[in-house]
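J.: Contents of final_33.csv (CSV, C-alpha atoms) are given next:
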chain,number,residue,atom,x,y,z
M,153,MET,CA,115.7,80.9,77.6
M,154,LYS,CA,119.3,79.5,77.6
M,155,ALA,CA,120.3,76.1,76.3
M,156,MET,CA,119.5,73.5,78.9
M,157,THR,CA,122.2,71.5,80.8
M,158,TRP,CA,121.1,68.7,83.1
M,159,PRO,CA,123.1,68.4,86.3
M,160,GLY,CA,124.2,65.1,87.8
M,161,THR,CA,122.3,65.5,91.0
M,162,PRO,CA,122.6,62.6,93.5
M,163,VAL,CA,118.9,62.0,93.5
M,164,PHE,CA,118.6,62.0,89.7
M,165,SER,CA,121.7,59.8,89.4
M,166,ALA,CA,120.4,57.3,92.0
M,167,LEU,CA,117.0,57.0,90.4
M,168,THR,CA,118.6,56.5,87.0
M,169,LEU,CA,120.9,53.7,88.4
M,170,THR,CA,117.9,52.1,90.0
M,171,ALA,CA,116.0,52.0,86.8
M,172,ILE,CA,119.0,50.5,84.9
M,173,LEU,CA,119.5,47.8,87.4
M,174,ALA,CA,115.8,47.0,87.6
M,175,TYR,CA,115.3,46.8,83.8
M,176,SER,CA,115.0,43.3,82.5
M,177,PRO,CA,112.5,41.4,80.3
M,178,ALA,CA,109.5,42.3,82.4
M,179,PRO,CA,106.3,40.4,82.8
M,180,VAL,CA,103.6,41.9,80.6
M,181,PHE,CA,100.7,43.5,82.5
M,182,ALA,CA,97.8,45.4,81.1
M,183,ALA,CA,97.2,49.1,81.6
M,184,GLN,CA,96.6,49.2,85.4
M,185,GLU,CA,93.3,50.2,86.9
M,186,GLY,CA,93.8,51.4,90.5
M,187,ILE,CA,96.1,53.2,92.9
M,188,TYR,CA,99.8,53.8,92.4
M,189,LEU,CA,102.5,55.3,94.5
M,190,GLY,CA,105.8,56.6,93.2
M,191,VAL,CA,108.9,58.8,93.6
M,192,SER,CA,110.2,61.4,91.1
M,193,ALA,CA,113.4,63.3,90.4
M,194,ALA,CA,113.7,66.2,88.1
M,195,ALA,CA,116.2,68.6,86.6
M,196,GLU,CA,114.8,72.0,85.7
M,197,GLU,CA,116.0,75.1,83.8
M,198,LEU,CA,114.5,77.9,85.9
M,199,ASP,CA,114.2,81.3,84.1
M,200,VAL,CA,113.3,84.3,86.3
M,201,SER,CA,112.7,87.9,85.2
M,202,VAL,CA,112.2,90.7,87.7
M,203,PHE,CA,110.4,94.0,86.9
M,204,LYS,CA,110.8,96.8,89.4
M,205,THR,CA,108.9,100.1,89.6
M,206,ILE,CA,109.6,103.1,91.8
M,207,ASP,CA,106.7,105.5,91.7
M,208,ASN,CA,106.9,109.1,93.0
M,209,THR,CA,103.4,110.2,92.0
M,210,PRO,CA,101.5,109.6,95.3
M,211,ASP,CA,100.1,112.7,97.0
M,212,GLY,CA,102.5,114.2,99.4
M,213,ASN,CA,105.7,113.0,97.7
M,214,MET,CA,108.4,115.6,98.3
M,215,THR,CA,111.4,113.8,96.9
M,216,LEU,CA,113.8,115.3,94.3
M,217,SER,CA,112.1,113.0,91.8
M,218,GLN,CA,108.6,114.1,92.6
M,219,GLY,CA,106.1,113.0,89.9
M,220,LYS,CA,108.6,110.6,88.2
M,221,ILE,CA,108.4,106.9,87.7
M,222,PHE,CA,111.5,104.7,87.4
M,223,THR,CA,111.5,101.1,86.1
M,224,ASP,CA,114.2,98.5,86.0
M,225,ARG,CA,114.4,94.9,84.7
M,226,ASP,CA,116.8,92.0,85.2
M,227,SER,CA,116.7,88.2,84.5
M,228,ASP,CA,118.7,85.0,85.2
M,229,THR,CA,118.5,81.4,84.2
M,230,LYS,CA,119.7,78.6,86.5
M,231,THR,CA,119.6,74.9,86.6
M,232,ALA,CA,117.6,73.5,89.6
M,233,SER,CA,116.5,70.1,90.8
M,234,GLY,CA,113.5,68.5,92.6
M,235,PHE,CA,112.6,65.3,94.4
M,236,GLY,CA,109.0,64.3,95.0
M,237,ILE,CA,106.4,61.7,95.9
M,238,VAL,CA,103.1,60.9,94.1
M,239,LEU,CA,99.8,59.2,94.8
M,240,GLY,CA,97.5,58.6,91.9
M,241,TYR,CA,94.8,56.5,90.3
M,242,GLN,CA,94.9,55.1,86.7
M,243,CYS,CA,92.1,53.7,84.6
M,244,PRO,CA,91.7,52.4,81.0
M,245,LEU,CA,89.2,54.3,78.9
M,246,HIS,CA,88.0,51.2,77.1
M,247,TYR,CA,88.5,52.9,73.8
M,248,GLY,CA,91.4,51.3,72.0
M,249,SER,CA,94.5,51.4,74.1
M,250,LEU,CA,93.8,54.8,75.7
M,251,TYR,CA,94.0,55.3,79.5
M,252,TRP,CA,94.0,58.2,81.9
M,253,SER,CA,95.4,58.9,85.3
M,254,GLY,CA,95.0,61.6,88.0
M,255,GLU,CA,97.3,62.2,90.9
M,256,ILE,CA,98.4,64.5,93.7
M,257,ASN,CA,102.1,65.2,94.2
M,258,LEU,CA,104.5,66.9,96.5
M,259,ALA,CA,108.0,68.0,95.6
M,260,TYR,CA,111.0,69.7,97.3
M,261,HIS,CA,113.3,71.9,95.2
M,262,SER,CA,116.9,73.3,95.2
M,263,GLY,CA,118.5,75.9,93.0
M,264,LYS,CA,118.4,79.7,93.1
M,265,ALA,CA,118.2,82.4,90.4
M,266,ARG,CA,119.9,85.7,91.2
M,267,GLY,CA,120.8,89.0,89.6
M,268,ARG,CA,121.4,92.7,90.0
M,269,MET,CA,119.5,95.8,88.9
M,270,GLU,CA,121.8,98.7,88.2
M,271,GLY,CA,119.4,101.4,89.4
M,272,THR,CA,118.9,105.0,88.1
M,273,GLU,CA,120.2,108.3,89.5
M,274,ASP,CA,117.9,111.3,88.8
M,275,VAL,CA,120.8,113.5,87.5
M,276,ALA,CA,118.5,116.3,86.3
M,277,ALA,CA,116.8,116.6,89.7
M,278,ARG,CA,120.1,116.6,91.6
M,279,LYS,CA,121.5,119.3,89.4
M,280,THR,CA,118.3,121.4,89.8
M,281,HIS,CA,118.6,121.0,93.6
M,282,ASN,CA,122.2,122.1,93.7
M,283,ASP,CA,121.7,125.0,91.4
M,284,ALA,CA,118.8,126.2,93.5
M,285,THR,CA,120.7,125.9,96.8
M,286,ASP,CA,124.5,126.2,96.4
M,287,PRO,CA,126.4,125.1,93.3
M,288,ASP,CA,129.5,124.7,95.4
M,289,LEU,CA,127.8,122.1,97.7
M,290,PRO,CA,129.6,118.7,97.7
M,291,ALA,CA,128.1,116.3,95.3
M,292,PHE,CA,125.6,114.1,97.1
M,293,SER,CA,125.8,111.4,94.4
M,294,VAL,CA,127.7,109.1,96.8
M,295,GLY,CA,124.6,107.0,97.0
M,296,PRO,CA,120.9,106.6,95.9
M,297,GLN,CA,118.5,109.2,97.3
M,298,THR,CA,115.0,108.8,98.4
M,299,GLY,CA,112.7,108.4,95.4
M,300,GLU,CA,115.4,107.2,93.0
M,301,ASN,CA,115.8,103.7,91.7
M,302,TRP,CA,118.3,102.1,94.0
M,303,PRO,CA,120.8,99.5,92.8
M,304,GLU,CA,119.7,96.1,94.2
M,305,ARG,CA,120.6,92.5,94.2
M,306,TRP,CA,117.9,89.9,94.1
M,307,THR,CA,117.4,86.1,94.5
M,308,PHE,CA,114.5,83.8,93.7
M,309,GLU,CA,114.5,80.3,95.2
M,310,LYS,CA,111.8,77.6,95.2
M,311,ASP,CA,111.3,75.6,98.4
M,312,TYR,CA,108.5,73.1,97.9
M,313,SER,CA,105.4,72.6,95.7
M,314,TYR,CA,102.3,70.6,95.5
M,315,GLY,CA,99.6,70.1,93.0
M,316,VAL,CA,97.4,67.9,90.8
M,317,THR,CA,98.2,66.4,87.4
M,318,LEU,CA,96.1,64.6,84.8
M,319,ARG,CA,97.6,62.3,82.1
M,320,LEU,CA,96.0,60.9,79.0
M,321,GLY,CA,97.9,58.2,77.2
M,322,GLY,CA,97.9,55.3,74.7
M,323,ARG,CA,100.1,52.5,73.5
M,324,PRO,CA,101.1,53.1,69.9
M,325,GLU,CA,102.5,50.2,68.0
M,326,PHE,CA,105.8,51.7,67.2
M,327,LEU,CA,106.5,52.2,70.9
M,328,THR,CA,105.3,48.8,72.1
M,329,SER,CA,107.5,47.2,69.5
M,330,ALA,CA,110.5,49.0,70.8
M,331,LEU,CA,109.9,49.0,74.6
M,332,GLY,CA,107.4,46.1,75.2
M,333,PRO,CA,103.7,45.6,75.1
M,334,ASP,CA,103.0,47.8,78.1
M,335,ALA,CA,104.9,50.8,76.8
M,336,GLY,CA,102.9,54.0,76.5
M,337,LEU,CA,103.0,57.6,75.3
M,338,TYR,CA,101.1,60.3,77.1
M,339,VAL,CA,100.4,64.0,77.5
M,340,LEU,CA,100.0,65.7,80.9
M,341,ALA,CA,98.5,68.9,82.3
M,342,GLY,CA,98.6,70.1,85.8
M,343,VAL,CA,98.5,73.0,88.3
M,344,ARG,CA,100.8,73.5,91.2
M,345,ARG,CA,101.2,75.8,94.1
M,346,VAL,CA,104.9,76.7,94.5
M,347,GLU,CA,106.3,78.2,97.7
M,348,ALA,CA,109.2,80.5,96.8
M,349,GLU,CA,111.3,83.1,98.5
M,350,TYR,CA,112.2,86.4,96.8
M,351,VAL,CA,114.9,88.5,98.5
M,352,ASN,CA,116.1,92.0,97.4
M,353,THR,CA,118.9,93.9,99.1
M,354,GLY,CA,120.3,97.4,98.5
M,355,THR,CA,121.7,100.5,100.2
M,356,GLY,CA,120.1,103.9,100.0
M,357,CYS,CA,118.9,107.0,101.7
M,358,PHE,CA,115.9,106.8,104.1
M,359,GLU,CA,115.8,110.5,105.0
M,360,THR,CA,112.5,112.2,104.6
M,361,PRO,CA,112.9,115.2,102.2
M,362,PRO,CA,114.0,117.9,102.2
M,363,THR,CA,116.8,116.2,104.1
M,364,LEU,CA,119.3,114.5,101.8
M,365,CYS,CA,122.1,112.0,102.3
M,366,THR,CA,125.5,113.6,101.6
M,367,SER,CA,128.0,111.2,103.1
M,368,ASP,CA,128.6,107.5,103.3
M,369,GLU,CA,127.4,107.4,106.9
M,370,ASP,CA,124.0,108.7,105.9
M,371,PHE,CA,123.0,105.6,103.9
M,372,SER,CA,121.5,102.5,105.3
M,373,PRO,CA,121.1,98.9,104.1
M,374,SER,CA,117.7,97.5,103.1
M,375,VAL,CA,116.8,93.8,103.0
M,376,VAL,CA,113.3,92.7,102.0
M,377,ARG,CA,112.5,89.0,102.2
M,378,THR,CA,109.1,87.8,100.8
M,379,ASP,CA,107.7,84.2,100.9
M,380,ARG,CA,104.9,83.8,98.5
M,381,ASP,CA,102.9,80.9,97.0
M,382,TYR,CA,102.8,81.1,93.2
M,383,THR,CA,100.3,79.3,90.9
M,384,ALA,CA,102.1,77.4,88.1
M,385,TRP,CA,100.5,75.7,85.1
M,386,THR,CA,102.3,72.7,83.6
M,387,LEU,CA,102.1,71.0,80.2
M,388,GLY,CA,104.2,68.1,79.0
M,389,ILE,CA,104.7,64.8,77.3
M,390,GLY,CA,106.1,61.5,78.5
M,391,VAL,CA,106.9,57.8,77.8
M,392,HIS,CA,106.0,54.9,80.1
M,393,ALA,CA,107.6,51.4,80.2
M,394,ALA,CA,107.3,48.4,82.5
M,395,ILE,CA,110.5,47.5,84.2
M,396,ALA,CA,109.3,44.8,86.6
M,397,GLU,CA,106.0,43.3,87.7
M,398,GLN,CA,103.7,46.1,88.8
M,399,VAL,CA,106.5,48.6,88.5
M,400,GLY,CA,106.7,51.3,85.8
M,401,LEU,CA,109.3,53.8,84.7
M,402,GLN,CA,108.2,57.2,83.2
M,403,ILE,CA,110.4,59.8,81.6
M,404,GLU,CA,108.7,63.1,80.8
M,405,THR,CA,109.6,66.6,79.7
M,406,TYR,CA,107.4,69.6,80.7
M,407,TYR,CA,107.0,73.3,80.6
M,408,MET,CA,105.8,75.3,83.7
M,409,ASP,CA,104.6,78.9,83.7
M,410,TYR,CA,104.2,80.8,86.9
M,411,ASP,CA,101.7,83.6,87.5
M,412,SER,CA,103.2,87.1,88.1
M,413,GLU,CA,103.0,88.5,91.6
M,414,SER,CA,103.4,92.2,92.4
M,415,LEU,CA,105.3,92.4,95.7
M,416,VAL,CA,104.4,95.8,97.1
M,417,GLN,CA,107.3,96.9,99.4
M,418,LEU,CA,106.2,100.6,99.8
M,419,ASP,CA,102.6,101.5,99.1
M,420,GLY,CA,103.0,105.3,99.0
M,421,THR,CA,101.3,106.0,102.3
M,422,GLU,CA,104.5,105.9,104.4
M,423,ASP,CA,106.4,109.2,105.3
M,424,LEU,CA,108.4,108.8,102.2
M,425,ARG,CA,105.3,108.8,99.9
M,426,VAL,CA,107.1,106.5,97.5
M,427,ARG,CA,105.5,103.4,96.0
M,428,ALA,CA,108.0,100.6,95.3
M,429,MET,CA,107.1,97.2,93.7
M,430,HIS,CA,109.0,94.2,92.5
M,431,GLU,CA,107.3,91.7,90.2
M,432,PRO,CA,109.1,88.3,89.7
M,433,ASP,CA,108.0,86.3,86.7
M,434,ALA,CA,109.2,82.7,86.4
M,435,GLU,CA,109.0,79.8,83.9
M,436,GLU,CA,110.9,76.6,83.6
M,437,ILE,CA,111.5,73.6,81.3
M,438,GLY,CA,112.1,70.3,83.0
M,439,LEU,CA,113.1,66.7,82.5
M,440,ARG,CA,111.6,64.3,85.1
M,441,MET,CA,112.0,60.6,85.9
M,442,ARG,CA,109.4,58.7,87.9
M,443,LEU,CA,109.3,55.2,89.4
M,444,LEU,CA,105.7,54.0,90.0
M,445,ARG,CA,104.4,50.9,92.0
M,446,TYR,CA,100.9,49.8,91.0
M,447,PHE,CA,98.5,48.1,93.4
What's the structure tokens form of this structure?
T.:
Amino acid sequence: MKAMTWPGTPVFSALTLTAILAYSPAPVFAAQEGIYLGVSAAAEELDVSVFKTIDNTPDGNMTLSQGKIFTDRDSDTKTASGFGIVLGYQCPLHYGSLYWSGEINLAYHSGKARGRMEGTEDVAARKTHNDATDPDLPAFSVGPQTGENWPERWTFEKDYSYGVTLRLGGRPEFLTSALGPDAGLYVLAGVRRVEAEYVNTGTGCFETPPTLCTSDEDFSPSVVRTDRDYTAWTLGIGVHAAIAEQVGLQIETYYMDYDSESLVQLDGTEDLRVRAMHEPDAEEIGLRMRLLRYF
């Protein structure tokens, strides 16, 4: 993961300014028991890796690369942002200063990871083919053939997410001395469903063997766009402080890990008898600010 750099997004800047303007010696209120509503803004370092497999082992495969499997991998790290709303319930645990909260949340995101996989030409298979037919044939390495690992560009972009989060906190003395009697320190854990779009584009040969592509005009573009919901698990830690009566400010950092999804683009049953899969794998580290109104 690359070093994190936080962007000055308009939402994040506005929320920060609101918190600064609102901050003043606040009335003390005990750990709230009841419902709260809030808004959040986050800056995230999104790290995406893509693993690609081209499999020529299905029955009936007649490509030059019959029986071979090609793999490729690429990754990219980008700064993203998010803005969301939350609805939750908080309750003291009646054990020292401990309290817990549970909430549902919805967020919209911006930011896109992108990269390029170089692809692999099956040089040995091409030479075998030319040697068996006519060594004087024009080289057909002007583009990727059926069954080879085509060069491709890819993008991964989050759209929106929703989930549930639990927090367990307390009010340690060192924190209340610095930030006021209602200041708190907490840990969080949650699960989210993240709707994201994965797009891969390339140019290659779609001819069914034994026909080969031997000129630029023979090759065709390919664009595959996949929208998928990913399950993401979140762990983090945060600080809470009162900034006005019944209003709290939270700043938290978190780590989110996405499940891996195999996106099958060719299943080996088509005329080409080639199985093609892309597997995006994402994780992120984030910094989030939340303004909460307790009722």
J.: Just the number, please: distance in Å from CA of Tyr241 (chain M) to CA of Leu340 (chain M), one decimal.
T.: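 Interatomic distance here is 14.1 Å.
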J.: Taking only residues of region 372-410 of chain M that have an atom at most 9 Å from an atom of region 310-319 of chain M, what is each one's shortest atom pair and its distance in Å to one decimal, using all atoms listed in the file, in chain and number order, as a Markdown table?
T.:
| residue | atom | partner | partner_atom | distance |
| --- | --- | --- | --- | --- |
| M:Asp381 | CA | M:Ser313 | CA | 8.8 |
| M:Thr386 | CA | M:Thr317 | CA | 8.4 |
| M:Ile389 | CA | M:Arg319 | CA | 8.9 |
J.: Restricting it to C-alpha atoms, dump the selection as a PDB file, keeping the file's coordinate frame.
T.:
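part34.pdb written:
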ATOM      1  CA  ASP M 381     102.900  80.900  97.000  1.00  0.00           C
ATOM      2  CA  THR M 386     102.300  72.700  83.600  1.00  0.00           C
ATOM      3  CA  ILE M 389     104.700  64.800  77.300  1.00  0.00           C
TER       4      ILE M 389
END
J.: Would you mind reading off the distance between CA of Leu418 (chain M) and CA of Phe358 (chain M), one decimal, in Å?
T.: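 Computed distance, CA of Leu418 (chain M) to CA of Phe358 (chain M), equals 12.3 Å.
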J.: Find the distance between CA of Gly299 (chain M) and CA of Asp411 (chain M) and write it in Å to one decimal.
T.: 28.3 Å
J.: I'd like the neighbourhood of Val399 (chain M) as a list in words, where a residue qualifies if any of its atoms comes within 7 Å (using only C-alpha atoms), though same-chain residues fewer than 4 positions away should be ignored.
T.: Ala394, Ile395, Leu444, Arg445 and Tyr446 of chain M
J.: Of the candidates M:Tyr382, M:Tyr406, M:Phe308, M:Phe371, which one gets nearest to Gly267 (chain M) if we count only C-alpha atoms?
T.: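 Result for the nearest residue to Gly267 (chain M): M:Phe308.
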J.: Select, from M:Ala335, M:Val351, M:Val416, M:Ala384, the residue with the minimum atom-to-atom distance to Ala428 (chain M), counting only C-alpha atoms.
T.: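 Of all the options, M:Val416 lies closest to Ala428 (chain M).
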J.: Excluding same-chain residues fewer than 2 positions from Gly295 (chain M), what lies within 10 Å of it counting only C-alpha atoms, as a ChimeraX atom specification?
T.: /M:273,292-293,297-298,302-303,355-357,365-368,370-372
J.: For the selection you just gave me, I'd like the residues written to a file as an mmCIF file, in the frame of the given file, keeping C-alpha atoms.
T.:
data_model
loop_
_atom_site.group_PDB
_atom_site.id
_atom_site.type_symbol
_atom_site.label_atom_id
_atom_site.label_comp_id
_atom_site.auth_asym_id
_atom_site.auth_seq_id
_atom_site.Cartn_x
_atom_site.Cartn_y
_atom_site.Cartn_z
ATOM 1 C CA GLU M 273 120.200 108.300 89.500
ATOM 2 C CA PHE M 292 125.600 114.100 97.100
ATOM 3 C CA SER M 293 125.800 111.400 94.400
ATOM 4 C CA GLN M 297 118.500 109.200 97.300
ATOM 5 C CA THR M 298 115.000 108.800 98.400
ATOM 6 C CA TRP M 302 118.300 102.100 94.000
ATOM 7 C CA PRO M 303 120.800 99.500 92.800
ATOM 8 C CA THR M 355 121.700 100.500 100.200
ATOM 9 C CA GLY M 356 120.100 103.900 100.000
ATOM 10 C CA CYS M 357 118.900 107.000 101.700
ATOM 11 C CA CYS M 365 122.100 112.000 102.300
ATOM 12 C CA THR M 366 125.500 113.600 101.600
ATOM 13 C CA SER M 367 128.000 111.200 103.100
ATOM 14 C CA ASP M 368 128.600 107.500 103.300
ATOM 15 C CA ASP M 370 124.000 108.700 105.900
ATOM 16 C CA PHE M 371 123.000 105.600 103.900
ATOM 17 C CA SER M 372 121.500 102.500 105.300
#
J.: Please provide the set of residues having any atom within 12 Å of Asn301 (chain M), restricted to only C-alpha atoms, with same-chain residues fewer than 6 positions apart removed, written as a ChimeraX atom specification.
T.: /M:204-208,217,220-225,269-275,295,354-357,426-430
J.: Could you take the residues named above and write them with C-alpha atoms, as an mmCIF file, keeping the file's coordinate frame?
T.:
data_model
loop_
_atom_site.group_PDB
_atom_site.id
_atom_site.type_symbol
_atom_site.label_atom_id
_atom_site.label_comp_id
_atom_site.auth_asym_id
_atom_site.auth_seq_id
_atom_site.Cartn_x
_atom_site.Cartn_y
_atom_site.Cartn_z
ATOM 1 C CA LYS M 204 110.800 96.800 89.400
ATOM 2 C CA THR M 205 108.900 100.100 89.600
ATOM 3 C CA ILE M 206 109.600 103.100 91.800
ATOM 4 C CA ASP M 207 106.700 105.500 91.700
ATOM 5 C CA ASN M 208 106.900 109.100 93.000
ATOM 6 C CA SER M 217 112.100 113.000 91.800
ATOM 7 C CA LYS M 220 108.600 110.600 88.200
ATOM 8 C CA ILE M 221 108.400 106.900 87.700
ATOM 9 C CA PHE M 222 111.500 104.700 87.400
ATOM 10 C CA THR M 223 111.500 101.100 86.100
ATOM 11 C CA ASP M 224 114.200 98.500 86.000
ATOM 12 C CA ARG M 225 114.400 94.900 84.700
ATOM 13 C CA MET M 269 119.500 95.800 88.900
ATOM 14 C CA GLU M 270 121.800 98.700 88.200
ATOM 15 C CA GLY M 271 119.400 101.400 89.400
ATOM 16 C CA THR M 272 118.900 105.000 88.100
ATOM 17 C CA GLU M 273 120.200 108.300 89.500
ATOM 18 C CA ASP M 274 117.900 111.300 88.800
ATOM 19 C CA VAL M 275 120.800 113.500 87.500
ATOM 20 C CA GLY M 295 124.600 107.000 97.000
ATOM 21 C CA GLY M 354 120.300 97.400 98.500
ATOM 22 C CA THR M 355 121.700 100.500 100.200
ATOM 23 C CA GLY M 356 120.100 103.900 100.000
ATOM 24 C CA CYS M 357 118.900 107.000 101.700
ATOM 25 C CA VAL M 426 107.100 106.500 97.500
ATOM 26 C CA ARG M 427 105.500 103.400 96.000
ATOM 27 C CA ALA M 428 108.000 100.600 95.300
ATOM 28 C CA MET M 429 107.100 97.200 93.700
ATOM 29 C CA HIS M 430 109.000 94.200 92.500
#
J.: Please determine, counting all atoms listed in the file, which residue among M:Cys243, M:Thr215, M:Val191, M:Asp379 has the shortest atom-to-atom distance to Tyr260 (chain M).
T.: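 Result for the nearest residue to Tyr260 (chain M): M:Val191.
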J.: Might you pull out every residue within 10 Å of Gly240 (chain M), with all atoms listed in the file counted and same-chain residues fewer than 2 positions away left off, and present them as a list of chain:residue names?
T.: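 Once the nearby chain positions are removed, what remains is M:Gly186, M:Ile187, M:Tyr188, M:Leu189, M:Gly190, M:Val238, M:Gln242, M:Ser253, M:Gly254, M:Glu255, M:Ile256, M:Asn257, M:Val316, M:Thr317, M:Leu318, M:Leu444, M:Tyr446.
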J.: Rank M:Pro432, M:Gly438, M:Pro361, M:Pro244 by their smallest atom-to-atom distance to Asp226 (chain M), using all atoms listed in the file, and report the top residue only.
T.: M:Pro432
J.: Select all residues near (118.8, 79.0, 88.6) (cut-off 9 Å, inclusive, file coordinates), counting all atoms listed in the file, and output them as a VMD selection string.
T.: chain M and resid 196 to 200 228 to 232 262 to 266 308 to 309
J.: Atoms to include: C-alpha atoms. Write the selected residues as a compact mmCIF listing (two decimals), keeping the file's coordinate frame.
T.:
# COMPACT_ATOMS: atom_id res chain seq x y z
CA GLU M 196 114.80 72.00 85.70
CA GLU M 197 116.00 75.10 83.80
CA LEU M 198 114.50 77.90 85.90
CA ASP M 199 114.20 81.30 84.10
CA VAL M 200 113.30 84.30 86.30
CA ASP M 228 118.70 85.00 85.20
CA THR M 229 118.50 81.40 84.20
CA LYS M 230 119.70 78.60 86.50
CA THR M 231 119.60 74.90 86.60
CA ALA M 232 117.60 73.50 89.60
CA SER M 262 116.90 73.30 95.20
CA GLY M 263 118.50 75.90 93.00
CA LYS M 264 118.40 79.70 93.10
CA ALA M 265 118.20 82.40 90.40
CA ARG M 266 119.90 85.70 91.20
CA PHE M 308 114.50 83.80 93.70
CA GLU M 309 114.50 80.30 95.20
J.: Nearest to Gly212 (chain M): which of M:Gly332, M:Glu431, M:Leu439, M:Leu424 is it, counting only C-alpha atoms?
T.: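 Going through M:Gly332, M:Glu431, M:Leu439, M:Leu424 one by one, the smallest distance to Gly212 (chain M) is for M:Leu424.
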J.: Let me make sure I understand: among M:Glu347, M:Asp334, M:Asp423, M:Asp409, which one has the smallest atom-to-atom distance to His392 (chain M) if we use all atoms listed in the file?
T.: M:Asp334
J.: Identify the residues around (97.6, 74.6, 88.7) within a radius of 6 Å, measuring from all atoms listed in the file in the coordinates stated by the file, and give them as JSON, numbers by chain.
T.: {"M": [342, 343, 344, 383, 384, 385]}
J.: Near Thr353 (chain M), within 9 Å and counting all atoms listed in the file, which residues show up once chain neighbours fewer than 4 positions away are dropped, as a list in words?
T.: Pro303, Glu304, Arg305, Trp306, Pro373, Ser374, Val375, Val376 and Arg377 of chain M
